[in-house]
file entry.txt (compact mmCIF, C-alpha atoms)
# COMPACT_ATOMS: atom_id res chain seq x y z
CA MET L 1 111.22 202.00 41.82
CA ILE L 2 109.79 205.48 42.17
CA GLU L 3 109.81 206.02 38.38
CA ASN L 4 107.46 203.06 37.84
CA PHE L 5 105.15 203.68 40.80
CA PRO L 6 101.85 205.60 40.42
CA LEU L 7 102.78 208.08 43.15
CA GLY L 8 99.62 210.16 42.88
CA GLN L 9 97.67 207.46 44.72
CA ILE L 10 99.41 208.31 48.01
CA VAL L 11 97.87 211.79 48.33
CA ASN L 12 94.23 211.38 49.38
CA PRO L 13 94.70 208.47 51.83
CA LEU L 14 97.61 210.33 53.42
CA LEU L 15 95.68 213.58 53.89
CA GLU L 16 92.66 211.77 55.31
CA TRP L 17 94.87 209.83 57.74
CA PHE L 18 96.75 212.96 58.85
CA ARG L 19 93.63 214.96 59.59
CA GLY L 20 92.51 212.22 61.95
CA ASN L 21 95.88 211.38 63.50
CA ALA L 22 98.03 214.52 63.60
CA ARG L 23 99.79 215.10 66.90
CA SER L 24 99.13 218.32 68.79
CA LEU L 25 102.44 220.20 68.70
CA PRO L 26 103.18 223.75 69.91
CA TRP L 27 104.38 225.00 66.53
CA ARG L 28 101.38 223.52 64.71
CA ALA L 29 98.90 225.42 66.84
CA GLU L 30 100.23 228.73 65.50
CA PRO L 31 102.27 228.05 62.34
CA THR L 32 103.73 231.50 61.78
CA PRO L 33 106.84 231.62 59.57
CA TYR L 34 109.08 232.38 62.56
CA ARG L 35 107.69 229.59 64.72
CA VAL L 36 107.90 227.06 61.87
CA TRP L 37 111.51 228.12 61.25
CA VAL L 38 112.54 227.80 64.90
CA SER L 39 110.86 224.41 65.28
CA GLU L 40 112.38 222.97 62.11
CA ILE L 41 115.91 224.01 63.06
CA MET L 42 115.44 222.55 66.55
CA LEU L 43 113.99 219.31 65.20
CA GLN L 44 117.09 218.54 63.16
CA GLN L 45 118.80 215.66 65.01
CA THR L 46 116.44 215.99 68.01
CA ARG L 47 113.24 214.13 68.95
CA VAL L 48 109.91 215.96 68.96
CA GLU L 49 109.22 215.36 72.66
CA ALA L 50 112.65 216.69 73.58
CA VAL L 51 112.16 219.82 71.46
CA LYS L 52 108.81 220.91 72.94
CA PRO L 53 110.12 222.59 76.12
CA TYR L 54 113.09 224.13 74.30
CA PHE L 55 110.75 225.58 71.67
CA GLN L 56 108.43 227.06 74.26
CA ARG L 57 111.32 228.58 76.23
CA PHE L 58 113.04 229.97 73.14
CA THR L 59 109.94 231.56 71.63
CA ALA L 60 108.90 233.00 74.99
CA ALA L 61 112.28 234.71 75.36
CA LEU L 62 112.63 235.58 71.66
CA PRO L 63 109.11 235.78 70.23
CA GLY L 64 110.04 237.13 66.83
CA VAL L 65 112.67 237.87 64.22
CA ARG L 66 113.66 241.22 65.73
CA GLU L 67 114.28 239.77 69.19
CA LEU L 68 116.38 236.96 67.69
CA ALA L 69 118.37 239.38 65.55
CA GLU L 70 119.17 241.62 68.53
CA CYS L 71 119.80 238.94 71.18
CA GLU L 72 123.14 239.04 73.02
CA GLU L 73 125.21 235.99 72.07
CA GLU L 74 125.64 234.37 75.49
CA LYS L 75 121.93 234.64 76.18
CA LEU L 76 121.24 233.11 72.76
CA LEU L 77 123.60 230.20 73.38
CA LYS L 78 122.19 229.68 76.88
CA LEU L 79 118.69 229.41 75.40
CA TRP L 80 120.03 226.78 73.00
CA GLU L 81 121.98 224.92 75.67
CA GLY L 82 121.33 221.18 75.53
CA LEU L 83 120.23 221.08 71.89
CA GLY L 84 123.76 220.93 70.52
CA TYR L 85 124.86 222.02 67.04
CA TYR L 86 125.29 225.59 68.24
CA ASN L 87 126.22 226.88 64.79
CA ARG L 88 122.58 226.37 63.87
CA VAL L 89 121.37 229.02 66.27
CA ARG L 90 124.22 231.32 65.25
CA ASN L 91 123.12 230.89 61.63
CA MET L 92 119.54 231.61 62.68
CA GLN L 93 120.62 234.89 64.25
CA SER L 94 122.59 235.84 61.14
CA ALA L 95 119.56 235.02 58.98
CA ALA L 96 117.29 237.02 61.31
CA GLN L 97 119.57 240.04 60.92
CA THR L 98 119.34 239.65 57.13
CA VAL L 99 115.54 239.43 57.36
CA MET L 100 115.49 242.65 59.38
CA GLU L 101 117.72 244.41 56.83
CA LYS L 102 116.28 243.11 53.55
CA TYR L 103 112.76 241.87 54.23
CA HIS L 104 111.38 244.35 56.77
CA GLY L 105 111.45 241.77 59.55
CA GLU L 106 109.27 239.19 57.79
CA LEU L 107 110.57 235.88 56.48
CA PRO L 108 110.01 236.00 52.70
CA ALA L 109 107.03 234.13 51.30
CA ASP L 110 109.19 232.77 48.52
CA TYR L 111 111.02 229.43 48.47
CA HIS L 112 114.01 230.71 46.51
CA GLU L 113 114.39 233.81 48.70
CA LEU L 114 114.30 231.62 51.81
CA LEU L 115 117.17 229.56 50.38
CA LYS L 116 119.34 232.70 50.36
CA LEU L 117 119.19 232.96 54.17
CA LYS L 118 122.08 231.53 56.15
CA GLY L 119 121.44 228.03 57.51
CA ILE L 120 118.29 227.43 55.44
CA GLY L 121 118.54 224.58 52.94
CA ASN L 122 116.03 222.91 50.65
CA TYR L 123 114.19 221.09 53.41
CA THR L 124 113.83 224.02 55.81
CA ALA L 125 112.88 226.40 52.99
CA GLY L 126 110.26 223.92 51.84
CA ALA L 127 108.89 223.50 55.36
CA ILE L 128 108.58 227.26 55.98
CA ALA L 129 107.12 227.93 52.52
CA SER L 130 104.54 225.13 52.68
CA ILE L 131 103.58 225.10 56.36
CA ALA L 132 103.58 228.85 57.01
CA TYR L 133 102.62 230.17 53.57
CA GLN L 134 100.84 227.19 51.91
CA ILE L 135 103.22 227.39 48.95
CA PRO L 136 103.14 224.01 47.13
CA VAL L 137 106.79 222.96 47.38
CA PRO L 138 108.13 219.71 48.89
CA ALA L 139 110.00 219.46 52.21
CA VAL L 140 112.08 216.30 52.04
CA ASP L 141 113.79 215.11 55.22
CA GLY L 142 114.88 211.66 56.40
CA ASN L 143 111.35 210.64 57.35
CA VAL L 144 110.05 211.54 53.89
CA LEU L 145 112.89 209.77 52.11
CA ARG L 146 112.19 206.63 54.13
CA VAL L 147 108.44 206.45 53.55
CA ILE L 148 108.78 207.16 49.83
CA ALA L 149 111.54 204.57 49.46
CA ARG L 150 109.34 201.99 51.16
CA VAL L 151 106.02 202.68 49.49
CA THR L 152 107.72 202.57 46.06
CA ALA L 153 110.33 199.89 46.96
CA ASP L 154 113.03 202.19 45.61
CA ASP L 155 116.50 200.94 46.49
CA SER L 156 118.38 204.11 45.49
CA ASP L 157 120.93 205.40 48.01
CA ILE L 158 119.15 208.22 49.90
CA MET L 159 122.51 209.69 50.95
CA LYS L 160 123.05 210.86 47.37
CA GLN L 161 121.89 214.36 46.50
CA SER L 162 120.64 213.11 43.14
CA VAL L 163 118.22 210.75 44.90
CA ARG L 164 116.93 213.53 47.18
CA THR L 165 116.40 215.71 44.11
CA LYS L 166 114.55 212.86 42.37
CA VAL L 167 112.20 212.51 45.35
CA GLU L 168 111.66 216.28 45.53
CA ASP L 169 110.77 216.39 41.84
CA ALA L 170 108.40 213.44 42.17
CA LEU L 171 106.61 214.98 45.13
CA GLN L 172 106.41 218.35 43.42
CA SER L 173 104.53 216.71 40.57
CA ILE L 174 101.78 215.38 42.89
CA MET L 175 101.72 218.20 45.45
CA PRO L 176 98.10 219.22 46.20
CA LYS L 177 98.12 222.97 45.61
CA ASP L 178 95.45 223.71 48.21
CA SER L 179 96.88 221.40 50.93
CA ALA L 180 100.64 221.87 50.84
CA ARG L 181 100.85 222.39 54.60
CA ASP L 182 98.97 219.21 55.48
CA PHE L 183 100.65 217.14 52.76
CA ASN L 184 104.22 217.87 53.85
CA GLN L 185 103.43 217.56 57.54
CA ALA L 186 101.58 214.29 56.87
CA LEU L 187 104.61 212.77 55.14
CA MET L 188 106.81 213.73 58.09
CA GLU L 189 104.22 212.46 60.58
CA LEU L 190 103.87 209.11 58.85
CA GLY L 191 107.62 208.61 59.04
CA ALA L 192 107.80 209.70 62.66
CA THR L 193 104.90 207.68 64.06
CA VAL L 194 104.04 204.77 61.73
CA CYS L 195 106.82 203.95 59.24
CA VAL L 196 109.39 204.55 61.94
CA PRO L 197 113.19 204.77 61.58
CA ASN L 198 113.98 202.21 64.27
CA GLY L 199 111.91 199.10 64.75
CA THR L 200 109.09 197.43 62.88
CA PRO L 201 106.74 199.74 60.95
CA GLN L 202 103.13 199.72 62.13
CA CYS L 203 101.72 198.70 58.77
CA GLU L 204 98.26 198.05 60.19
CA LYS L 205 97.97 201.80 60.94
CA CYS L 206 99.35 202.96 57.59
CA PRO L 207 97.05 204.64 55.06
CA TRP L 208 99.17 203.14 52.26
CA GLN L 209 99.06 199.51 53.33
CA GLU L 210 96.95 198.41 50.35
CA PHE L 211 99.52 199.50 47.78
CA CYS L 212 102.83 199.70 49.66
CA GLU L 213 105.48 197.81 47.69
CA ALA L 214 107.74 197.21 50.71
CA LYS L 215 104.83 195.57 52.52
CA ARG L 216 103.92 193.47 49.48
CA LEU L 217 107.51 192.33 48.96
CA ASN L 218 108.26 192.14 52.71
CA CYS L 219 111.46 194.12 52.17
CA TRP L 220 111.01 197.05 54.58
CA GLN L 221 114.12 196.00 56.51
CA GLN L 222 116.28 196.65 53.43
CA LEU L 223 114.79 200.10 52.80
CA PRO L 224 115.80 202.80 52.60
CA VAL L 225 119.28 202.10 51.26
CA LYS L 226 121.72 204.37 53.04
CA SER L 227 125.47 204.33 52.44
CA LYS L 228 127.57 204.29 55.58
CA ALA L 229 129.24 207.47 56.73
CA LYS L 230 132.96 207.59 57.40
CA PRO L 231 133.95 206.37 60.89
CA ARG L 232 134.10 209.11 63.50
CA ARG L 233 137.49 210.24 64.78
CA ILE L 234 138.14 209.31 68.43
CA GLU L 235 139.56 211.98 70.74
CA GLU L 236 140.56 211.15 74.32
CA LYS L 237 140.24 213.86 76.96
CA THR L 238 140.74 214.36 80.67
CA VAL L 239 138.22 216.76 82.20
CA PHE L 240 138.77 218.67 85.46
CA ILE L 241 135.93 219.86 87.70
CA ILE L 242 137.87 222.25 89.90
CA GLN L 243 136.19 223.80 92.91
CA ASP L 244 136.96 226.15 95.74
CA GLY L 245 133.98 226.40 98.08
CA GLU L 246 131.07 227.59 95.97
CA LYS L 247 133.19 228.52 92.96
CA ILE L 248 134.06 226.39 89.98
CA VAL L 249 136.47 226.84 87.12
CA LEU L 250 135.26 227.33 83.56
CA GLN L 251 137.05 228.41 80.44
CA LYS L 252 135.77 229.76 77.16
CA ARG L 253 136.32 227.75 74.00
CA PRO L 254 137.82 229.46 70.93
CA ASN L 255 135.49 231.53 68.77
CA ARG L 256 135.94 229.16 65.82
CA GLY L 257 135.58 225.41 65.47
CA LEU L 258 133.66 222.82 67.46
CA LEU L 259 131.43 224.30 70.21
CA ALA L 260 132.83 227.73 69.39
CA GLY L 261 132.41 230.39 72.05
CA LEU L 262 130.83 228.10 74.66
CA TYR L 263 132.12 227.46 78.17
CA GLU L 264 133.68 224.23 79.35
CA PHE L 265 135.49 222.60 82.23
CA PRO L 266 139.27 222.70 81.81
CA ASN L 267 140.35 219.67 79.82
CA ILE L 268 143.41 218.40 78.02
CA PRO L 269 144.04 215.69 75.39
CA GLY L 270 144.68 212.15 76.57
CA HIS L 271 143.66 210.09 79.58
CA LEU L 272 145.76 211.17 82.55
CA SER L 273 146.54 208.98 85.52
CA ARG L 274 145.96 210.40 89.00
CA GLU L 275 149.65 211.29 89.29
CA GLU L 276 149.70 212.94 85.85
CA ALA L 277 146.55 214.87 86.73
CA LEU L 278 148.14 216.18 89.94
CA THR L 279 151.22 217.25 88.00
CA TRP L 280 149.08 219.14 85.48
CA LEU L 281 147.15 220.90 88.25
CA LYS L 282 150.36 222.07 89.90
CA GLU L 283 151.60 223.33 86.54
CA GLN L 284 148.48 225.53 86.49
CA LYS L 285 149.60 226.97 89.85
CA LEU L 286 146.75 225.22 91.66
CA GLU L 287 147.13 223.54 95.06
CA PRO L 288 144.85 220.47 95.16
CA ILE L 289 143.55 219.41 98.59
CA ARG L 290 141.54 216.47 97.33
CA ILE L 291 141.17 214.71 94.00
CA GLN L 292 138.54 212.14 93.06
CA GLU L 293 138.56 210.14 89.86
CA LEU L 294 135.23 210.02 88.01
CA GLU L 295 133.67 207.45 85.72
CA PRO L 296 134.46 207.47 81.99
CA ALA L 297 132.04 209.28 79.70
CA LYS L 298 131.50 209.49 75.97
CA HIS L 299 129.94 212.15 73.77
CA ILE L 300 129.25 211.67 70.06
CA PHE L 301 129.36 214.50 67.55
CA SER L 302 128.69 214.02 63.85
CA HIS L 303 132.35 213.46 62.90
CA VAL L 304 134.16 212.93 66.20
CA GLU L 305 133.69 211.10 69.50
CA TRP L 306 135.03 212.34 72.80
CA HIS L 307 136.11 209.56 75.16
CA MET L 308 136.56 211.25 78.51
CA THR L 309 137.85 210.57 81.97
CA GLY L 310 137.39 213.10 84.73
CA TYR L 311 138.53 214.32 88.12
CA VAL L 312 136.76 216.40 90.72
CA VAL L 313 139.41 218.51 92.41
CA ARG L 314 139.09 220.69 95.50
CA VAL L 315 141.80 223.30 95.64
CA ASP L 316 143.11 225.45 98.46
CA GLU L 317 142.41 228.78 96.81
CA LEU L 318 141.55 230.10 93.40
CA SER L 319 143.07 233.30 92.11
CA GLU L 320 142.41 235.07 88.85
CA SER L 321 146.01 234.58 87.73
CA GLN L 322 145.47 231.16 86.17
CA ASN L 323 145.60 231.40 82.37
CA ARG L 324 142.19 231.32 80.57
CA MET L 325 140.45 230.18 83.76
CA LEU L 326 137.24 231.83 84.86
CA PHE L 327 136.04 231.44 88.46
CA VAL L 328 132.27 231.56 88.82
CA GLU L 329 129.65 230.78 91.41
CA VAL L 330 127.76 227.56 90.63
CA ALA L 331 124.40 229.35 90.65
CA GLU L 332 125.76 231.98 88.28
CA SER L 333 127.06 229.36 85.88
CA GLU L 334 123.56 227.87 85.51
CA LYS L 335 122.04 231.21 84.60
CA ARG L 336 124.73 232.85 82.55
CA TYR L 337 127.33 230.55 81.05
CA PRO L 338 126.30 228.16 78.24
CA ILE L 339 127.99 224.80 78.84
CA PRO L 340 127.56 222.19 76.07
CA SER L 341 125.86 218.90 76.89
CA ALA L 342 129.09 217.14 75.91
CA PHE L 343 130.08 217.69 79.55
CA GLY L 344 126.71 216.60 80.94
CA ALA L 345 128.12 213.46 82.55
CA TYR L 346 130.28 215.59 84.82
CA THR L 347 128.15 218.65 85.59
CA LYS L 348 126.20 216.64 88.17
CA TYR L 349 129.25 216.65 90.44
CA MET L 350 128.90 220.42 90.73
CA ASN L 351 125.10 220.38 90.99
CA ILE L 352 124.93 222.17 87.66
CA ARG L 353 121.90 221.50 85.49
CA LEU L 354 122.11 222.02 81.75
CA GLY L 355 119.54 222.97 79.17
CA MET L 356 115.95 222.14 80.10
CA GLU L 357 117.10 220.54 83.36
CA SER L 358 117.74 224.03 84.72
CA GLU L 359 115.06 226.51 85.62
CA MET L 360 116.86 229.20 83.74
CA VAL L 361 116.28 232.89 84.36
CA ILE L 362 117.68 235.29 81.78
CA ASP L 363 117.51 239.00 82.40
call {"tool": "encode", "arguments": {"input": "entry.txt", "output": "structure tokens"}}
result
Amino acid sequence: MIENFPLGQIVNPLLEWFRGNARSLPWRAEPTPYRVWVSEIMLQQTRVEAVKPYFQRFTAALPGVRELAECEEEKLLKLWEGLGYYNRVRNMQSAAQTVMEKYHGELPADYHELLKLKGIGNYTAGAIASIAYQIPVPAVDGNVLRVIARVTADDSDIMKQSVRTKVEDALQSIMPKDSARDFNQALMELGATVCVPNGTPQCEKCPWQEFCEAKRLNCWQQLPVKSKAKPRRIEEKTVFIIQDGEKIVLQKRPNRGLLAGLYEFPNIPGHLSREEALTWLKEQKLEPIRIQELEPAKHIFSHVEWHMTGYVVRVDELSESQNRMLFVEVAESEKRYPIPSAFGAYTKYMNIRLGMESEMVID
């Protein structure tokens, strides 16, 4: 248990290991508060290697707080396209506007002030404060919870806020005041590259192998303890890729709720048969020339799964009279309209590339 473990012994071996094994990452080369902030928000739920090109594109287009605060929404969402969790970038923009108004365009060098910004919680505030400003506060994410649970053989449920708080307090008590940046990054790095979330930990590479309780007790497979989340709700959908020559049909999602304000292919609840799909198309005042059924696809959100079927439909002629439907050139859709990766299985039928697959140009 963490209460009975001499936690201070982890510090020096960890720092020595990190300084010889730290990965070269774009945001580490220049750890300004803004760049640390952007990288940490992107890294939530996304692998490091996947984030690298998004980070470089985003910071090239929006190099600072002012540019983020003033960015037009569709351009902002297009820059985020493929990362998912679009409310995160909306919260970033809201926070950037607050920083411009209250902090003269500079993220505050104060953990508690950072917590007041929209979308910034304990972990992100700790990461910005310690990595950018060398303030000795912990930054506890899933990687950190895992490595601390294993080295101390603590079987507390890491999904509980009380356990996270306990770990934060324990780390605060041993935080090296002159190496906060390296210490927090080292904990994250150990969990990402050695004491990994999936698969066998590489104990032979671990700086803690001589005193790790999970290694001694051979119980790493049981740690950390993590209570199961509620099952995701299943939603069935039929998706239509409707085309007329070089034009395709998109529609904008509502401004509130899941994937708010993004663009999507027309879709309706349920799995429609070919005959039902043709009936629906005619109800939209469309005249299908050809219809092709597509393979099933699935997309997983945090609380819901979309189970989709799809149809590619060529129609005789598109007119602007169809309700909510927007008719755009394929090339224009790549550059201008942010389409969530939830539809990635079907964009290939229109030669649309999403996110970092597209060589995006934004004016």
call {"tool": "residues_around", "arguments": {"input": "entry.txt", "residues": "segment 297-308 of chain L", "least_positions_apart": "3", "cutoff": "10 Å", "atoms": "all atoms listed in the file", "output": "MDAnalysis selection string"}}
result
chainID L and resid 84:85 229:239 258 267:271 294 341:346
call {"tool": "closest_atom_pairs", "arguments": {"input": "entry.txt", "of": "segment 128-207 of chain L", "to": "segment 46-56 of chain L", "cutoff": "12 Å", "atoms": "only C-alpha atoms", "output": "JSON lines"}}
result
{"residue": "L:Met188", "atom": "CA", "partner": "L:Val48", "partner_atom": "CA", "distance": 11.5}
{"residue": "L:Glu189", "atom": "CA", "partner": "L:Val48", "partner_atom": "CA", "distance": 10.7}
{"residue": "L:Ala192", "atom": "CA", "partner": "L:Val48", "partner_atom": "CA", "distance": 9.1}
{"residue": "L:Thr193", "atom": "CA", "partner": "L:Val48", "partner_atom": "CA", "distance": 10.8}
{"residue": "L:Pro197", "atom": "CA", "partner": "L:Arg47", "partner_atom": "CA", "distance": 11.9}
call {"tool": "closest_residue", "arguments": {"input": "entry.txt", "among": "L:Glu213, L:Glu16, L:Ile174, L:Tyr133", "to": "Asn4 of chain L", "atoms": "only C-alpha atoms"}}
result
L:Glu213
call {"tool": "closest_residue", "arguments": {"input": "entry.txt", "among": "L:Leu223, L:Tyr34, L:Ala180, L:Ser162", "to": "Arg146 of chain L", "atoms": "all atoms listed in the file"}}
result
L:Leu223
call {"tool": "closest_residue", "arguments": {"input": "entry.txt", "among": "L:Tyr349, L:Tyr263, L:Tyr86, L:Tyr311", "to": "Phe327 of chain L", "atoms": "all atoms listed in the file"}}
result
L:Tyr263
call {"tool": "residues_near_point", "arguments": {"input": "entry.txt", "point": "(143.2, 217.9, 95.0)", "cutoff": "8 Å", "atoms": "all atoms listed in the file", "output": "mmCIF file with C-alpha atoms, in the coordinates of the input"}}
result
data_model
loop_
_atom_site.group_PDB
_atom_site.id
_atom_site.type_symbol
_atom_site.label_atom_id
_atom_site.label_comp_id
_atom_site.auth_asym_id
_atom_site.auth_seq_id
_atom_site.Cartn_x
_atom_site.Cartn_y
_atom_site.Cartn_z
ATOM 1 C CA LEU L 278 148.140 216.180 89.940
ATOM 2 C CA GLU L 287 147.130 223.540 95.060
ATOM 3 C CA PRO L 288 144.850 220.470 95.160
ATOM 4 C CA ILE L 289 143.550 219.410 98.590
ATOM 5 C CA ARG L 290 141.540 216.470 97.330
ATOM 6 C CA ILE L 291 141.170 214.710 94.000
ATOM 7 C CA GLN L 292 138.540 212.140 93.060
ATOM 8 C CA VAL L 312 136.760 216.400 90.720
ATOM 9 C CA VAL L 313 139.410 218.510 92.410
ATOM 10 C CA ARG L 314 139.090 220.690 95.500
ATOM 11 C CA VAL L 315 141.800 223.300 95.640
#
call {"tool": "closest_residue", "arguments": {"input": "entry.txt", "among": "L:Met175, L:Lys285, L:Lys252, L:Arg324", "to": "Asn12 of chain L", "atoms": "only C-alpha atoms"}}
result
L:Met175
call {"tool": "build_atoms", "arguments": {"input": "entry.txt", "residues": "segment 54-63 of chain L", "atoms": "all heavy atoms", "output": "PDB file, keeping the file's coordinate frame"}}
result
ATOM      1  N   TYR L  54     112.120 223.170  74.840  1.00  0.00           N
ATOM      2  CA  TYR L  54     113.090 224.130  74.300  1.00  0.00           C
ATOM      3  C   TYR L  54     112.391 225.150  73.420  1.00  0.00           C
ATOM      4  O   TYR L  54     112.686 226.349  73.485  1.00  0.00           O
ATOM      5  CB  TYR L  54     114.149 223.400  73.461  1.00  0.00           C
ATOM      6  CG  TYR L  54     115.177 222.660  74.272  1.00  0.00           C
ATOM      7  CD1 TYR L  54     115.099 221.277  74.428  1.00  0.00           C
ATOM      8  CD2 TYR L  54     116.231 223.326  74.870  1.00  0.00           C
ATOM      9  CE1 TYR L  54     116.061 220.592  75.154  1.00  0.00           C
ATOM     10  CE2 TYR L  54     117.197 222.645  75.601  1.00  0.00           C
ATOM     11  CZ  TYR L  54     117.095 221.280  75.744  1.00  0.00           C
ATOM     12  OH  TYR L  54     118.037 220.605  76.473  1.00  0.00           O
ATOM     13  N   PHE L  55     111.478 224.685  72.570  1.00  0.00           N
ATOM     14  CA  PHE L  55     110.750 225.580  71.670  1.00  0.00           C
ATOM     15  C   PHE L  55     109.957 226.608  72.459  1.00  0.00           C
ATOM     16  O   PHE L  55     109.971 227.807  72.148  1.00  0.00           O
ATOM     17  CB  PHE L  55     109.828 224.762  70.767  1.00  0.00           C
ATOM     18  CG  PHE L  55     108.951 225.604  69.882  1.00  0.00           C
ATOM     19  CD1 PHE L  55     109.435 226.103  68.685  1.00  0.00           C
ATOM     20  CD2 PHE L  55     107.636 225.892  70.249  1.00  0.00           C
ATOM     21  CE1 PHE L  55     108.627 226.888  67.864  1.00  0.00           C
ATOM     22  CE2 PHE L  55     106.831 226.669  69.439  1.00  0.00           C
ATOM     23  CZ  PHE L  55     107.316 227.171  68.243  1.00  0.00           C
ATOM     24  N   GLN L  56     109.259 226.141  73.476  1.00  0.00           N
ATOM     25  CA  GLN L  56     108.430 227.060  74.260  1.00  0.00           C
ATOM     26  C   GLN L  56     109.287 228.084  74.990  1.00  0.00           C
ATOM     27  O   GLN L  56     108.933 229.273  75.054  1.00  0.00           O
ATOM     28  CB  GLN L  56     107.558 226.258  75.224  1.00  0.00           C
ATOM     29  CG  GLN L  56     106.488 225.458  74.478  1.00  0.00           C
ATOM     30  CD  GLN L  56     105.761 224.457  75.358  1.00  0.00           C
ATOM     31  OE1 GLN L  56     106.327 223.888  76.285  1.00  0.00           O
ATOM     32  NE2 GLN L  56     104.486 224.225  75.061  1.00  0.00           N
ATOM     33  N   ARG L  57     110.432 227.646  75.527  1.00  0.00           N
ATOM     34  CA  ARG L  57     111.320 228.580  76.230  1.00  0.00           C
ATOM     35  C   ARG L  57     111.921 229.590  75.259  1.00  0.00           C
ATOM     36  O   ARG L  57     111.959 230.789  75.536  1.00  0.00           O
ATOM     37  CB  ARG L  57     112.434 227.794  76.936  1.00  0.00           C
ATOM     38  CG  ARG L  57     113.356 228.685  77.767  1.00  0.00           C
ATOM     39  CD  ARG L  57     114.449 227.860  78.425  1.00  0.00           C
ATOM     40  NE  ARG L  57     115.457 227.417  77.450  1.00  0.00           N
ATOM     41  CZ  ARG L  57     116.520 226.702  77.783  1.00  0.00           C
ATOM     42  NH1 ARG L  57     116.703 226.304  79.034  1.00  0.00           N
ATOM     43  NH2 ARG L  57     117.403 226.346  76.873  1.00  0.00           N
ATOM     44  N   PHE L  58     112.370 229.111  74.115  1.00  0.00           N
ATOM     45  CA  PHE L  58     113.040 229.970  73.140  1.00  0.00           C
ATOM     46  C   PHE L  58     112.083 231.026  72.598  1.00  0.00           C
ATOM     47  O   PHE L  58     112.414 232.220  72.537  1.00  0.00           O
ATOM     48  CB  PHE L  58     113.576 229.106  72.001  1.00  0.00           C
ATOM     49  CG  PHE L  58     114.509 229.812  71.063  1.00  0.00           C
ATOM     50  CD1 PHE L  58     115.877 229.755  71.267  1.00  0.00           C
ATOM     51  CD2 PHE L  58     114.035 230.505  69.958  1.00  0.00           C
ATOM     52  CE1 PHE L  58     116.760 230.385  70.389  1.00  0.00           C
ATOM     53  CE2 PHE L  58     114.896 231.143  69.087  1.00  0.00           C
ATOM     54  CZ  PHE L  58     116.264 231.078  69.300  1.00  0.00           C
ATOM     55  N   THR L  59     110.890 230.606  72.225  1.00  0.00           N
ATOM     56  CA  THR L  59     109.940 231.560  71.630  1.00  0.00           C
ATOM     57  C   THR L  59     109.343 232.495  72.673  1.00  0.00           C
ATOM     58  O   THR L  59     108.891 233.587  72.331  1.00  0.00           O
ATOM     59  CB  THR L  59     108.828 230.827  70.871  1.00  0.00           C
ATOM     60  OG1 THR L  59     108.214 229.844  71.730  1.00  0.00           O
ATOM     61  CG2 THR L  59     109.380 230.137  69.635  1.00  0.00           C
ATOM     62  N   ALA L  60     109.332 232.078  73.935  1.00  0.00           N
ATOM     63  CA  ALA L  60     108.900 233.000  74.990  1.00  0.00           C
ATOM     64  C   ALA L  60     109.932 234.099  75.197  1.00  0.00           C
ATOM     65  O   ALA L  60     109.589 235.280  75.372  1.00  0.00           O
ATOM     66  CB  ALA L  60     108.662 232.244  76.293  1.00  0.00           C
ATOM     67  N   ALA L  61     111.216 233.724  75.168  1.00  0.00           N
ATOM     68  CA  ALA L  61     112.280 234.710  75.360  1.00  0.00           C
ATOM     69  C   ALA L  61     112.517 235.546  74.109  1.00  0.00           C
ATOM     70  O   ALA L  61     112.817 236.744  74.202  1.00  0.00           O
ATOM     71  CB  ALA L  61     113.574 233.998  75.760  1.00  0.00           C
ATOM     72  N   LEU L  62     112.388 234.906  72.941  1.00  0.00           N
ATOM     73  CA  LEU L  62     112.630 235.580  71.660  1.00  0.00           C
ATOM     74  C   LEU L  62     111.421 235.323  70.763  1.00  0.00           C
ATOM     75  O   LEU L  62     111.424 234.410  69.933  1.00  0.00           O
ATOM     76  CB  LEU L  62     113.906 235.034  71.003  1.00  0.00           C
ATOM     77  CG  LEU L  62     115.184 235.061  71.850  1.00  0.00           C
ATOM     78  CD1 LEU L  62     116.331 234.394  71.108  1.00  0.00           C
ATOM     79  CD2 LEU L  62     115.552 236.483  72.241  1.00  0.00           C
ATOM     80  N   PRO L  63     110.363 236.098  70.914  1.00  0.00           N
ATOM     81  CA  PRO L  63     109.110 235.780  70.230  1.00  0.00           C
ATOM     82  C   PRO L  63     109.072 236.104  68.742  1.00  0.00           C
ATOM     83  O   PRO L  63     108.105 235.736  68.067  1.00  0.00           O
ATOM     84  CB  PRO L  63     108.080 236.624  70.988  1.00  0.00           C
ATOM     85  CG  PRO L  63     108.866 237.755  71.571  1.00  0.00           C
ATOM     86  CD  PRO L  63     110.219 237.201  71.871  1.00  0.00           C
TER      87      PRO L  63
END
